[in-house]
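Everything below belongs to protein.cif, which stores mmCIF, C-alpha atoms.
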data_data
#
loop_
_atom_site.label_atom_id
_atom_site.label_comp_id
_atom_site.auth_asym_id
_atom_site.auth_seq_id
_atom_site.Cartn_x
_atom_site.Cartn_y
_atom_site.Cartn_z
CA MET E 1 12.58 92.26 -59.96
CA ILE E 2 14.68 90.37 -62.48
CA PHE E 3 14.02 90.63 -66.19
CA ALA E 4 15.14 87.83 -68.48
CA ALA E 5 15.64 87.62 -72.21
CA PHE E 6 16.15 84.20 -73.74
CA GLY E 7 17.06 82.86 -77.14
CA ALA E 8 14.44 81.01 -79.15
CA ALA E 9 15.72 77.69 -77.81
CA ALA E 10 16.99 79.01 -74.52
CA TRP E 11 18.63 76.28 -72.50
CA GLY E 12 17.14 73.48 -74.50
CA ILE E 13 19.49 70.79 -75.77
CA LEU E 14 20.21 71.62 -79.39
CA PRO E 15 20.01 68.75 -81.88
CA ALA E 16 23.50 67.41 -82.52
CA PRO E 17 24.84 66.75 -86.01
CA ALA E 18 24.44 63.18 -87.21
CA ALA E 19 28.05 62.31 -86.41
CA ALA E 20 28.05 63.97 -83.00
CA GLN E 21 27.80 62.24 -79.66
CA GLU E 22 24.65 62.19 -77.57
CA PRO E 23 23.78 65.49 -75.83
CA LEU E 24 25.52 65.99 -72.51
CA ARG E 25 23.18 64.99 -69.70
CA ILE E 26 23.35 63.76 -66.09
CA GLU E 27 21.02 60.84 -65.42
CA ILE E 28 19.72 61.14 -61.85
CA THR E 29 19.17 57.65 -60.43
CA GLU E 30 19.20 56.03 -57.02
CA GLY E 31 22.77 54.81 -57.52
CA VAL E 32 26.01 56.67 -56.90
CA ILE E 33 26.36 59.71 -59.15
CA GLU E 34 29.82 60.94 -60.01
CA PRO E 35 29.57 64.76 -60.04
CA MET E 36 29.96 66.22 -63.52
CA PRO E 37 33.16 68.33 -63.85
CA ILE E 38 32.36 71.86 -65.01
CA ALA E 39 34.69 74.74 -65.82
CA LEU E 40 33.34 78.06 -64.64
CA PRO E 41 35.83 80.86 -65.39
CA GLU E 42 35.49 84.33 -63.89
CA PHE E 43 32.79 86.41 -65.54
CA ALA E 44 34.14 89.11 -67.84
CA PRO E 45 33.29 92.29 -65.87
CA GLY E 46 32.19 95.64 -67.20
CA ALA E 47 33.57 98.87 -65.74
CA GLY E 48 33.03 98.98 -61.97
CA ALA E 49 31.45 95.52 -61.85
CA GLU E 50 34.53 93.47 -60.97
CA GLY E 51 33.47 92.67 -57.40
CA ILE E 52 29.89 91.80 -58.31
CA ALA E 53 31.05 89.65 -61.23
CA GLN E 54 33.22 87.65 -58.82
CA GLU E 55 30.33 87.31 -56.37
CA VAL E 56 27.94 86.04 -59.06
CA ARG E 57 30.44 83.44 -60.24
CA ALA E 58 31.07 82.30 -56.64
CA VAL E 59 27.36 81.91 -55.89
CA ILE E 60 26.79 79.85 -59.05
CA ALA E 61 29.74 77.62 -58.13
CA ALA E 62 28.41 77.14 -54.58
CA ASP E 63 24.91 76.28 -55.85
CA LEU E 64 26.20 73.69 -58.30
CA THR E 65 28.66 72.12 -55.87
CA GLY E 66 26.08 71.98 -53.07
CA SER E 67 23.70 70.02 -55.28
CA GLY E 68 26.13 67.10 -55.31
CA LEU E 69 25.58 66.73 -59.07
CA PHE E 70 28.43 68.97 -60.25
CA ARG E 71 32.11 69.53 -59.48
CA VAL E 72 33.40 72.98 -60.37
CA ILE E 73 37.02 72.52 -61.43
CA ASP E 74 39.61 74.58 -59.52
CA PRO E 75 40.32 77.75 -61.56
CA ASN E 76 44.05 77.22 -60.93
CA ALA E 77 43.84 74.37 -63.45
CA TYR E 78 42.41 76.53 -66.24
CA LEU E 79 44.66 77.10 -69.27
CA ALA E 80 42.72 80.08 -70.61
CA PRO E 81 40.14 82.67 -69.54
CA GLY E 82 36.53 82.16 -70.43
CA GLY E 83 36.50 84.62 -73.30
CA SER E 84 33.45 86.25 -74.83
CA VAL E 85 29.95 84.86 -74.54
CA ASP E 86 29.60 85.35 -78.30
CA ALA E 87 32.84 83.53 -79.25
CA ARG E 88 33.29 79.81 -79.81
CA PRO E 89 35.67 78.54 -77.11
CA ALA E 90 38.96 76.82 -77.83
CA PHE E 91 37.63 73.50 -76.56
CA GLU E 92 41.05 71.84 -76.45
CA ASN E 93 41.94 74.09 -73.48
CA TRP E 94 39.01 72.66 -71.54
CA ARG E 95 39.17 69.05 -72.70
CA VAL E 96 42.70 68.70 -71.40
CA ILE E 97 41.47 69.41 -67.84
CA ASN E 98 38.54 66.99 -68.35
CA ALA E 99 35.82 69.62 -68.15
CA GLU E 100 32.61 68.20 -69.59
CA ALA E 101 30.77 71.52 -69.56
CA LEU E 102 31.98 75.11 -69.77
CA GLY E 103 30.08 78.17 -68.59
CA VAL E 104 31.08 81.58 -69.95
CA GLY E 105 29.58 84.76 -68.51
CA GLU E 106 29.71 88.54 -68.70
CA LEU E 107 28.35 91.01 -66.16
CA GLY E 108 28.26 94.79 -66.15
CA TYR E 109 26.07 97.83 -65.69
CA GLY E 110 23.61 99.01 -68.31
CA ASP E 111 22.92 102.62 -69.21
CA ASP E 112 20.04 102.59 -66.69
CA GLY E 113 22.37 101.58 -63.83
CA ARG E 114 20.96 98.07 -63.63
CA LEU E 115 23.05 94.94 -63.70
CA SER E 116 23.18 93.16 -67.04
CA ALA E 117 24.36 89.55 -67.23
CA ARG E 118 24.84 87.21 -70.18
CA PHE E 119 25.76 83.56 -69.96
CA GLN E 120 26.40 80.66 -72.33
CA LEU E 121 26.85 76.98 -71.48
CA TRP E 122 28.88 74.66 -73.74
CA ASP E 123 29.26 70.90 -74.16
CA VAL E 124 33.06 70.67 -74.20
CA PHE E 125 33.55 67.22 -75.74
CA GLY E 126 30.58 67.59 -78.08
CA GLY E 127 31.72 71.05 -79.13
CA GLN E 128 28.15 72.33 -79.05
CA PRO E 129 26.33 75.14 -77.24
CA LEU E 130 23.76 73.92 -74.76
CA GLY E 131 20.95 76.19 -75.86
CA GLN E 132 21.23 79.79 -77.00
CA GLY E 133 22.14 81.30 -73.67
CA ILE E 134 20.51 83.58 -71.17
CA ALA E 135 20.41 87.33 -70.59
CA LEU E 136 19.27 88.88 -67.31
CA ARG E 137 18.82 92.41 -66.00
CA ALA E 138 18.31 93.30 -62.35
CA ALA E 139 18.90 95.91 -59.69
CA PRO E 140 22.42 95.80 -58.21
CA GLY E 141 21.00 94.39 -54.98
CA ASP E 142 19.74 91.34 -56.86
CA ALA E 143 23.15 90.06 -57.96
CA ARG E 144 22.74 86.84 -55.97
CA ARG E 145 19.38 86.18 -57.61
CA ILE E 146 21.03 86.52 -61.02
CA ALA E 147 23.49 83.86 -59.92
CA HIS E 148 20.75 81.55 -58.63
CA LYS E 149 18.78 81.88 -61.87
CA ILE E 150 21.83 81.03 -63.95
CA ALA E 151 22.54 78.02 -61.71
CA ASP E 152 18.92 76.89 -62.15
CA GLN E 153 19.30 77.01 -65.92
CA ILE E 154 22.57 75.07 -65.80
CA HIS E 155 20.81 72.43 -63.71
CA LEU E 156 17.99 72.26 -66.27
CA ALA E 157 20.35 72.05 -69.25
CA LEU E 158 22.48 69.28 -67.77
CA THR E 159 19.84 67.18 -65.99
CA GLY E 160 16.67 67.92 -67.93
CA GLU E 161 15.00 68.97 -64.67
CA PRO E 162 14.45 72.43 -63.19
CA GLY E 163 16.78 73.61 -60.45
CA TYR E 164 15.78 74.92 -57.04
CA PHE E 165 18.41 77.58 -56.32
CA ASP E 166 16.30 80.74 -56.78
CA SER E 167 13.98 79.94 -53.89
CA ARG E 168 13.58 80.71 -50.19
CA VAL E 169 13.18 78.75 -46.98
CA ALA E 170 11.04 79.71 -44.00
CA PHE E 171 12.04 78.22 -40.65
CA VAL E 172 11.87 78.56 -36.89
CA ALA E 173 15.02 80.31 -35.63
CA GLU E 174 15.82 79.08 -32.13
CA SER E 175 18.00 80.52 -29.36
CA GLY E 176 18.46 80.11 -25.62
CA PRO E 177 18.56 77.02 -23.39
CA LYS E 178 16.73 73.87 -24.42
CA ASN E 179 14.07 74.21 -21.72
CA ALA E 180 13.33 77.87 -22.50
CA ARG E 181 13.93 78.40 -26.21
CA GLU E 182 13.04 81.61 -28.00
CA LYS E 183 11.45 80.66 -31.32
CA ARG E 184 11.00 83.16 -34.14
CA ILE E 185 9.72 82.76 -37.68
CA ALA E 186 12.38 83.69 -40.23
CA ILE E 187 13.00 83.39 -43.97
CA MET E 188 16.20 83.23 -45.99
CA ASP E 189 17.46 82.39 -49.47
CA GLN E 190 17.84 78.63 -49.88
CA ASP E 191 21.63 78.97 -49.53
CA GLY E 192 21.41 80.78 -46.16
CA ALA E 193 21.80 84.37 -47.38
CA ASN E 194 19.50 87.34 -46.71
CA VAL E 195 17.99 86.17 -43.43
CA ARG E 196 15.11 88.25 -42.11
CA TYR E 197 12.82 87.70 -39.13
CA ILE E 198 9.04 87.76 -39.30
CA THR E 199 8.27 87.54 -35.58
CA ASP E 200 10.12 89.19 -32.70
CA GLY E 201 10.44 86.25 -30.31
CA ARG E 202 8.26 87.71 -27.55
CA SER E 203 5.79 84.87 -28.07
CA LEU E 204 6.18 81.34 -29.38
CA ALA E 205 5.78 80.88 -33.15
CA LEU E 206 5.90 77.54 -34.98
CA THR E 207 5.37 75.64 -38.27
CA PRO E 208 5.74 78.31 -41.00
CA ARG E 209 4.44 77.29 -44.43
CA PHE E 210 4.76 79.23 -47.69
CA SER E 211 1.88 80.06 -50.00
CA PRO E 212 2.26 78.74 -53.58
CA THR E 213 3.45 82.16 -54.81
CA GLY E 214 5.86 82.63 -51.89
CA GLU E 215 4.24 85.97 -51.04
CA SER E 216 2.60 84.80 -47.79
CA LEU E 217 3.20 82.51 -44.84
CA VAL E 218 0.89 80.74 -42.46
CA TYR E 219 2.17 79.74 -39.04
CA ILE E 220 1.08 79.02 -35.47
CA SER E 221 1.33 81.86 -32.96
CA TRP E 222 0.97 81.61 -29.18
CA ALA E 223 0.76 85.40 -28.75
CA THR E 224 -2.64 85.13 -27.01
CA GLY E 225 -1.62 82.13 -24.89
CA VAL E 226 -3.61 79.78 -27.15
CA PRO E 227 -2.26 78.57 -30.53
CA LYS E 228 -3.80 80.45 -33.46
CA VAL E 229 -3.23 80.17 -37.20
CA VAL E 230 -1.73 83.42 -38.54
CA ILE E 231 -1.32 84.50 -42.16
CA HIS E 232 1.50 86.94 -42.88
CA ASP E 233 1.80 89.00 -46.08
CA LEU E 234 5.55 89.17 -46.79
CA ARG E 235 5.25 92.16 -49.12
CA ALA E 236 3.00 94.30 -46.94
CA GLN E 237 4.61 92.99 -43.71
CA ARG E 238 1.16 92.54 -42.22
CA SER E 239 -0.16 89.64 -40.11
CA GLU E 240 -3.72 88.53 -39.47
CA VAL E 241 -5.23 85.75 -37.35
CA LEU E 242 -7.36 83.40 -39.46
CA GLY E 243 -10.42 83.41 -37.26
CA SER E 244 -10.90 82.99 -33.51
CA PHE E 245 -11.46 79.36 -32.69
CA PRO E 246 -12.66 78.25 -29.22
CA PHE E 247 -10.07 75.46 -29.33
CA MET E 248 -6.45 74.89 -30.30
CA SER E 249 -5.26 75.00 -33.91
CA PHE E 250 -2.27 73.26 -35.47
CA ALA E 251 -0.42 72.40 -38.68
CA PRO E 252 -1.64 74.95 -41.26
CA ARG E 253 -0.84 74.52 -44.96
CA PHE E 254 -1.96 76.30 -48.15
CA SER E 255 -3.84 74.67 -51.00
CA PRO E 256 -2.03 74.55 -54.38
CA ASP E 257 -4.11 77.49 -55.66
CA GLY E 258 -3.47 79.54 -52.50
CA GLY E 259 -7.17 80.09 -51.89
CA ARG E 260 -7.59 77.74 -48.94
CA VAL E 261 -5.71 76.69 -45.82
CA LEU E 262 -5.81 73.28 -44.19
CA MET E 263 -5.44 73.13 -40.42
CA SER E 264 -6.07 70.81 -37.50
CA LEU E 265 -8.35 71.98 -34.71
CA SER E 266 -8.40 70.26 -31.35
CA ASP E 267 -11.47 70.28 -29.11
CA GLY E 268 -10.89 68.41 -25.89
CA GLY E 269 -9.20 65.12 -26.72
CA ASN E 270 -10.29 65.06 -30.37
CA THR E 271 -8.36 66.60 -33.27
CA ASP E 272 -9.79 66.87 -36.78
CA ILE E 273 -8.80 68.43 -40.10
CA PHE E 274 -10.57 71.55 -41.33
CA GLU E 275 -10.31 73.63 -44.48
CA MET E 276 -10.72 77.42 -44.51
CA THR E 277 -11.58 79.38 -47.65
CA LEU E 278 -9.54 82.57 -47.34
CA ALA E 279 -11.87 84.84 -49.31
CA SER E 280 -14.86 84.17 -47.05
CA ARG E 281 -13.08 82.85 -43.93
CA SER E 282 -15.59 79.99 -43.99
CA LEU E 283 -14.50 76.81 -42.25
CA ARG E 284 -15.37 73.26 -43.30
CA ARG E 285 -14.70 70.07 -41.35
CA LEU E 286 -13.05 67.34 -43.44
CA THR E 287 -12.65 64.56 -40.85
CA SER E 288 -14.65 63.47 -37.83
CA GLY E 289 -14.55 60.74 -35.24
CA PRO E 290 -12.56 59.92 -32.12
CA ALA E 291 -9.12 59.64 -33.82
CA ILE E 292 -6.41 62.31 -33.77
CA GLU E 293 -6.05 63.48 -37.39
CA THR E 294 -3.49 66.14 -38.19
CA ALA E 295 -0.56 67.29 -40.40
CA PRO E 296 -2.55 67.47 -43.65
CA SER E 297 -0.89 68.16 -47.03
CA TYR E 298 -2.55 68.60 -50.44
CA SER E 299 -1.51 66.75 -53.57
CA PRO E 300 -0.08 69.16 -56.20
CA ASP E 301 -3.30 69.01 -58.24
CA GLY E 302 -5.40 69.78 -55.15
CA THR E 303 -7.58 66.68 -55.46
CA GLN E 304 -6.29 64.67 -52.48
CA ILE E 305 -4.97 65.18 -48.97
CA VAL E 306 -2.44 63.05 -47.10
CA PHE E 307 -2.48 63.22 -43.30
CA GLU E 308 -1.53 61.32 -40.17
CA SER E 309 -4.08 59.56 -37.97
CA ASP E 310 -4.19 57.06 -35.13
CA ALA E 311 -7.55 55.69 -36.31
CA GLY E 312 -6.01 52.23 -36.60
CA GLY E 313 -4.54 52.38 -33.10
CA ALA E 314 -1.09 53.72 -34.10
CA GLN E 315 0.11 56.80 -35.92
CA GLN E 316 -0.12 56.06 -39.69
CA LEU E 317 -0.56 57.87 -43.00
CA TYR E 318 -3.87 58.13 -44.86
CA VAL E 319 -5.04 59.70 -48.13
CA MET E 320 -8.54 61.07 -48.67
CA PRO E 321 -10.31 63.19 -51.30
CA ALA E 322 -9.72 66.92 -50.89
CA GLY E 323 -13.36 67.45 -50.03
CA GLY E 324 -13.26 64.86 -47.25
CA GLY E 325 -14.74 61.38 -47.29
CA THR E 326 -13.38 57.87 -47.03
CA ALA E 327 -9.67 57.76 -46.23
CA THR E 328 -7.30 55.04 -47.41
CA ARG E 329 -4.38 53.96 -45.25
CA ILE E 330 -1.08 53.94 -47.20
CA SER E 331 1.58 53.17 -44.55
CA PHE E 332 1.95 49.59 -43.32
CA GLY E 333 5.57 49.23 -42.22
CA ASP E 334 6.79 48.81 -38.68
CA GLY E 335 6.89 51.91 -36.50
CA ARG E 336 4.87 55.12 -36.51
CA TYR E 337 4.54 57.67 -39.32
CA GLY E 338 3.95 61.42 -39.24
CA THR E 339 4.38 64.85 -40.90
CA PRO E 340 3.59 63.70 -44.45
CA VAL E 341 4.11 66.13 -47.33
CA TRP E 342 3.31 65.57 -50.98
CA SER E 343 6.08 66.12 -53.53
CA PRO E 344 5.62 69.02 -56.00
CA ARG E 345 6.08 66.43 -58.75
CA GLY E 346 3.15 64.44 -57.40
CA ASP E 347 5.04 61.14 -57.41
CA LEU E 348 6.18 60.78 -53.80
CA ILE E 349 5.13 61.50 -50.23
CA ALA E 350 7.85 62.33 -47.69
CA PHE E 351 7.33 61.55 -44.02
CA THR E 352 8.88 61.18 -40.59
CA LYS E 353 9.14 57.63 -39.26
CA MET E 354 9.69 56.59 -35.64
CA LEU E 355 11.13 53.11 -35.41
CA GLY E 356 13.31 51.32 -32.87
CA GLY E 357 14.03 54.43 -30.81
CA ARG E 358 15.26 56.39 -33.85
CA PHE E 359 13.69 58.89 -36.22
CA HIS E 360 13.96 58.71 -40.00
CA ILE E 361 13.05 60.85 -42.99
CA GLY E 362 11.60 58.65 -45.71
CA VAL E 363 9.68 58.70 -48.97
CA MET E 364 7.07 56.42 -50.49
CA ARG E 365 4.91 56.30 -53.57
CA THR E 366 1.50 57.89 -53.16
CA ASP E 367 -0.10 54.45 -52.76
CA GLY E 368 2.36 53.58 -49.98
CA SER E 369 4.58 51.32 -52.09
CA GLN E 370 8.38 51.51 -52.47
CA GLU E 371 9.03 52.98 -49.04
CA ARG E 372 12.65 54.15 -48.60
CA LEU E 373 14.26 55.56 -45.47
CA LEU E 374 16.77 58.29 -46.33
CA THR E 375 18.12 59.27 -42.90
CA ALA E 376 18.41 58.04 -39.32
CA SER E 377 19.26 59.83 -36.06
CA TRP E 378 18.09 60.50 -32.53
CA LEU E 379 15.56 63.00 -33.96
CA ASP E 380 14.94 63.72 -37.66
CA GLU E 381 11.63 65.41 -38.38
CA ALA E 382 9.46 67.65 -40.59
CA PRO E 383 10.56 67.13 -44.21
CA THR E 384 9.91 69.81 -46.84
CA TRP E 385 10.40 69.49 -50.61
CA ALA E 386 12.52 71.63 -52.91
CA PRO E 387 10.40 73.12 -55.72
CA ASN E 388 11.72 70.55 -58.22
CA GLY E 389 10.77 67.60 -55.99
CA ARG E 390 14.31 66.19 -55.96
CA VAL E 391 15.71 67.44 -52.63
CA LEU E 392 14.37 67.49 -49.07
CA MET E 393 15.15 69.65 -46.05
CA PHE E 394 14.35 68.58 -42.50
CA PHE E 395 15.61 69.31 -39.02
CA ARG E 396 17.79 67.13 -36.83
CA GLU E 397 18.48 67.31 -33.10
CA GLY E 398 20.58 65.21 -30.73
CA PRO E 399 20.02 64.23 -27.08
CA GLY E 400 21.17 66.25 -24.13
CA ALA E 401 20.65 69.76 -22.83
CA ALA E 402 23.47 71.17 -24.95
CA SER E 403 22.04 69.99 -28.26
CA ALA E 404 20.22 72.35 -30.63
CA PRO E 405 18.21 71.65 -33.78
CA GLN E 406 19.89 72.10 -37.17
CA VAL E 407 18.43 72.00 -40.66
CA TRP E 408 19.78 69.34 -43.00
CA ARG E 409 19.13 68.41 -46.61
CA VAL E 410 19.20 65.15 -48.57
CA ASP E 411 18.35 64.08 -52.11
CA ALA E 412 15.19 62.02 -52.57
CA THR E 413 17.50 59.18 -53.60
CA GLY E 414 19.22 59.27 -50.19
CA ARG E 415 22.41 60.85 -51.57
CA ASN E 416 24.17 64.07 -50.60
CA LEU E 417 23.17 64.31 -46.94
CA ARG E 418 24.60 67.58 -45.57
CA ARG E 419 23.93 70.42 -43.14
CA ALA E 420 22.07 73.33 -44.67
CA ALA E 421 23.55 76.82 -44.40
CA MET E 422 21.65 78.46 -41.54
CA PRO E 423 22.28 81.45 -39.24
CA GLY E 424 22.14 79.29 -36.10
CA ALA E 425 19.88 76.75 -34.43
CA ALA E 426 16.78 76.19 -36.54
CA SER E 427 13.87 73.81 -36.99
CA ASP E 428 10.77 73.12 -39.09
CA PRO E 429 11.87 74.39 -42.52
CA SER E 430 9.45 75.14 -45.36
CA TRP E 431 10.77 75.45 -48.92
CA SER E 432 9.14 77.96 -51.27
CA ALA E 433 8.42 77.57 -54.95
CA LEU E 434 10.87 79.10 -57.42
CA LEU E 435 10.73 82.87 -57.28
CA PRO E 436 9.31 84.76 -60.26
#

Go ahead and render the structure in this file as structure tokens.
Amino acid sequence: MIFAAFGAAAWGILPAPAAAQEPLRIEITEGVIEPMPIALPEFAPGAGAEGIAQEVRAVIAADLTGSGLFRVIDPNAYLAPGGSVDARPAFENWRVINAEALGVGELGYGDDGRLSARFQLWDVFGGQPLGQGIALRAAPGDARRIAHKIADQIHLALTGEPGYFDSRVAFVAESGPKNAREKRIAIMDQDGANVRYITDGRSLALTPRFSPTGESLVYISWATGVPKVVIHDLRAQRSEVLGSFPFMSFAPRFSPDGGRVLMSLSDGGNTDIFEMTLASRSLRRLTSGPAIETAPSYSPDGTQIVFESDAGGAQQLYVMPAGGGTATRISFGDGRYGTPVWSPRGDLIAFTKMLGGRFHIGVMRTDGSQERLLTASWLDEAPTWAPNGRVLMFFREGPGAASAPQVWRVDATGRNLRRAAMPGAASDPSWSALLP
């Protein structure tokens, strides 16, 4: 567990004097964003903490650079060390290398053996602190989480929006030939570190989805030869099948309060959406009729559900009240739409689109307007949102027996498309909320 202590205005933008320039801020738009140059000197280490101090600095730099919003200036260009967190920097040393922001940190061991980190961010050209800094304490094994939390606060200070670095990703780890893949459920930090496996690969496991707290997963298991929805407690390392259905189950996803799970159940040729209340294990049907209705996702406030259906003759996206009822079609473009997922911000729905023999990851407003396609390839599928609703992960695969799926990420604006750091072939990612 990480303990934080913040100043009274921690990481807020302090009011500037009347003659000062506007507070330093990146405006995130759909246009090209020139990454903000940041100086990030080595953290001043306490006794015995030199290696960990270097690791923390490196992880922060990797987080910021990977976001595409920041450029960490090469330390070889620095004219001075970072100095003390409590001292006002000599800003001329940082202006001359065109650093717009400067981060100064210290890391050492406290009397209790825990790591203790302090960090201050500065507006170099404005000559002002960006907030009153941050102080964190954690077990030595949580050094990377300290780094992610600091990176999140830098993101917040310089964009006005929360970061997403202190979070995890669940995914399907794949190995073996394309026609006989072993598929295991795994989780990792969002930057690819600390991978651990939830299932052993002896039976097929698919579509992991985090609970809102990140303490549980639901996924599909074929351990009995028939797909079943399984809930796995990550802390207790215990799994349980959510009921025994006489038909196949697909596409589970938690409600925003964590008390319910949506799933699709298929009986014969018909597939409908059901909702299970976890406390009672009671099951309620939300859709009915001859159409195939699947891949449901709640809105962040829990009042609506978006899903895919072929009720109109082709695979399209629909929104209905969370309790079921009349559904409204929201996708009307060419092609077929699937795997919708509501943004944590509530403003967008991401989806997979199949058009002209290619697959795309796209986003649209919740009423279906302002559709934008962000990617295109032989197979792009299964988007998942970062906890701040600004970045998407998905998986991509090429044709041919030698190809293997890889997880990619892209900003919701379509910028910064890049491979995600993964331990190997992987598919179907699910991004957690920020960790506590």

Taking 3 positions as the minimum chain separation for residues in the same chain, which residues sit within 8 Å of Phe91 in chain E when counting only C-alpha atoms? Answer as a PDB file with C-alpha atoms, in the coordinates of the input.
ATOM      1  CA  TRP E  94      39.010  72.660 -71.540  1.00  0.00           C
ATOM      2  CA  ARG E  95      39.170  69.050 -72.700  1.00  0.00           C
ATOM      3  CA  VAL E 124      33.060  70.670 -74.200  1.00  0.00           C
ATOM      4  CA  PHE E 125      33.550  67.220 -75.740  1.00  0.00           C
ATOM      5  CA  GLY E 127      31.720  71.050 -79.130  1.00  0.00           C
TER       6      GLY E 127
END

| request: Apply the PyMOL selection byres ((chain E and resi 262) around 6) to the displayed file and report the matching residues as a PyMOL selection string. | output: chain E and resi 252-253+261+263+274-275

| message | Could you list, as a ChimeraX atom specification, every residue within 10 Å of Ser239 in chain E, counting all atoms listed in the file and ignoring same-chain residues fewer than 6 positions away? | response | /E:198-199,216-218,230-233

| query | Counting only C-alpha atoms, which of E:Phe351, E:Phe210, E:Tyr337, E:Phe307 gets nearest to Ile187 in chain E? | reply | E:Phe210

| said: Would you pick out the contacts of range 40-54 of chain E at 6 Å or less, using all atoms listed in the file, so that residues sharing its chain but fewer than 5 positions from it are not included, and give the list as a count of residues only? | reply: 6

| Written as a list in words, what is the full residue list that the PyMOL selection byres ((chain E and resi 151) around 8) yields on the file shown? |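 Matching residues under the PyMOL selection byres ((chain E and resi 151) around 8) are Ile60, Asp63, Leu64, Ala147, His148, Lys149, Ile150, Asp152, Gln153, Ile154, His155, Gly163 and Phe165 of chain E.
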
| task | Would you please work out which residue, of E:Arg336, E:Arg284, E:Arg396, E:Arg345, is nearest to Ser299 in chain E when using all atoms listed in the file? | result |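 Nearest candidate to Ser299 in chain E out of E:Arg336, E:Arg284, E:Arg396, E:Arg345: E:Arg345.
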
| message | Need the shell around range 67-79 of chain E: protein/DNA/RNA residues with any atom at most 10 Å away, counting only C-alpha atoms. Skip same-chain ones fewer than 4 positions apart. Format as a PyMOL selection string? | response | chain E and resi 26-28+33-42+60-63+92-94+96-99+101-102+155+158-159+163-165+391+409-411+415-418

| said: Rounded to one decimal, what separation in Å do you get between CA of Ser249 in chain E and CA of Gly313 in chain E? | reply: 22.6 Å

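Atom pair CA of Glu215 in chain E / CA of Ala186 in chain E: separated by 13.7 Å.
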
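The shortest atom-to-atom distance to Asp142 in chain E, with all atoms listed in the file taken into account, belongs to E:Glu55 out of E:Glu55, E:Ala205, E:Ala223, E:Ser211.
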
| query | Restricting the calculation to all atoms listed in the file, which member of E:Arg88, E:Arg260, E:Arg168, E:Arg329 is positioned closest to Ala314 in chain E? | reply | E:Arg329

| field | Target residues per the PyMOL selection byres ((chain E and resi 311) around 10), formatted as a list of chain:residue names | value |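 Output from the PyMOL selection byres ((chain E and resi 311) around 10), applied to this file: E:Gly289, E:Pro290, E:Ala291, E:Ile292, E:Glu293, E:Glu308, E:Ser309, E:Asp310, E:Gly312, E:Gly313, E:Ala314, E:Gln315, E:Gln316, E:Leu317, E:Tyr318, E:Arg329.
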
| request: List the neighbours of Leu355 in chain E out to 12 Å using only C-alpha atoms; skip same-chain residues closer than 6 positions along the sequence, and give me the result as a list of chain:residue names. | output: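 In the requested form, the answer reads E:Gln315, E:Gly333, E:Asp334, E:Gly335, E:Arg336, E:Tyr337, E:Gly338, E:Ile361, E:Gly362, E:Leu373, E:Thr375, E:Ala376, E:Ser377, E:Trp378, E:Leu379, E:Asp380.
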
Could the residues in this selection be written to a file with C-alpha atoms, as an mmCIF file, in the frame of the given file?
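Contents of selection_19.cif, freshly written:
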data_model
loop_
_atom_site.group_PDB
_atom_site.id
_atom_site.type_symbol
_atom_site.label_atom_id
_atom_site.label_comp_id
_atom_site.auth_asym_id
_atom_site.auth_seq_id
_atom_site.Cartn_x
_atom_site.Cartn_y
_atom_site.Cartn_z
ATOM 1 C CA GLN E 315 0.110 56.800 -35.920
ATOM 2 C CA GLY E 333 5.570 49.230 -42.220
ATOM 3 C CA ASP E 334 6.790 48.810 -38.680
ATOM 4 C CA GLY E 335 6.890 51.910 -36.500
ATOM 5 C CA ARG E 336 4.870 55.120 -36.510
ATOM 6 C CA TYR E 337 4.540 57.670 -39.320
ATOM 7 C CA GLY E 338 3.950 61.420 -39.240
ATOM 8 C CA ILE E 361 13.050 60.850 -42.990
ATOM 9 C CA GLY E 362 11.600 58.650 -45.710
ATOM 10 C CA LEU E 373 14.260 55.560 -45.470
ATOM 11 C CA THR E 375 18.120 59.270 -42.900
ATOM 12 C CA ALA E 376 18.410 58.040 -39.320
ATOM 13 C CA SER E 377 19.260 59.830 -36.060
ATOM 14 C CA TRP E 378 18.090 60.500 -32.530
ATOM 15 C CA LEU E 379 15.560 63.000 -33.960
ATOM 16 C CA ASP E 380 14.940 63.720 -37.660
#

Generate N, CA and C atoms for range 60-65 of chain E and emit them as a short mmCIF file (atom, residue, chain, number, x, y, z; two decimals), in the frame of the given file.
data_model
loop_
_atom_site.label_atom_id
_atom_site.label_comp_id
_atom_site.auth_asym_id
_atom_site.auth_seq_id
_atom_site.Cartn_x
_atom_site.Cartn_y
_atom_site.Cartn_z
N ILE E 60 27.12 80.93 -58.12
CA ILE E 60 26.79 79.85 -59.05
C ILE E 60 27.58 78.60 -58.70
N ALA E 61 28.89 78.76 -58.46
CA ALA E 61 29.74 77.62 -58.13
C ALA E 61 29.26 76.93 -56.86
N ALA E 62 28.88 77.72 -55.84
CA ALA E 62 28.41 77.14 -54.58
C ALA E 62 27.09 76.40 -54.77
N ASP E 63 26.18 76.96 -55.57
CA ASP E 63 24.91 76.28 -55.85
C ASP E 63 25.16 74.93 -56.50
N LEU E 64 25.98 74.92 -57.55
CA LEU E 64 26.20 73.69 -58.30
C LEU E 64 26.91 72.64 -57.45
N THR E 65 27.93 73.06 -56.71
CA THR E 65 28.66 72.12 -55.87
C THR E 65 27.77 71.56 -54.77
#
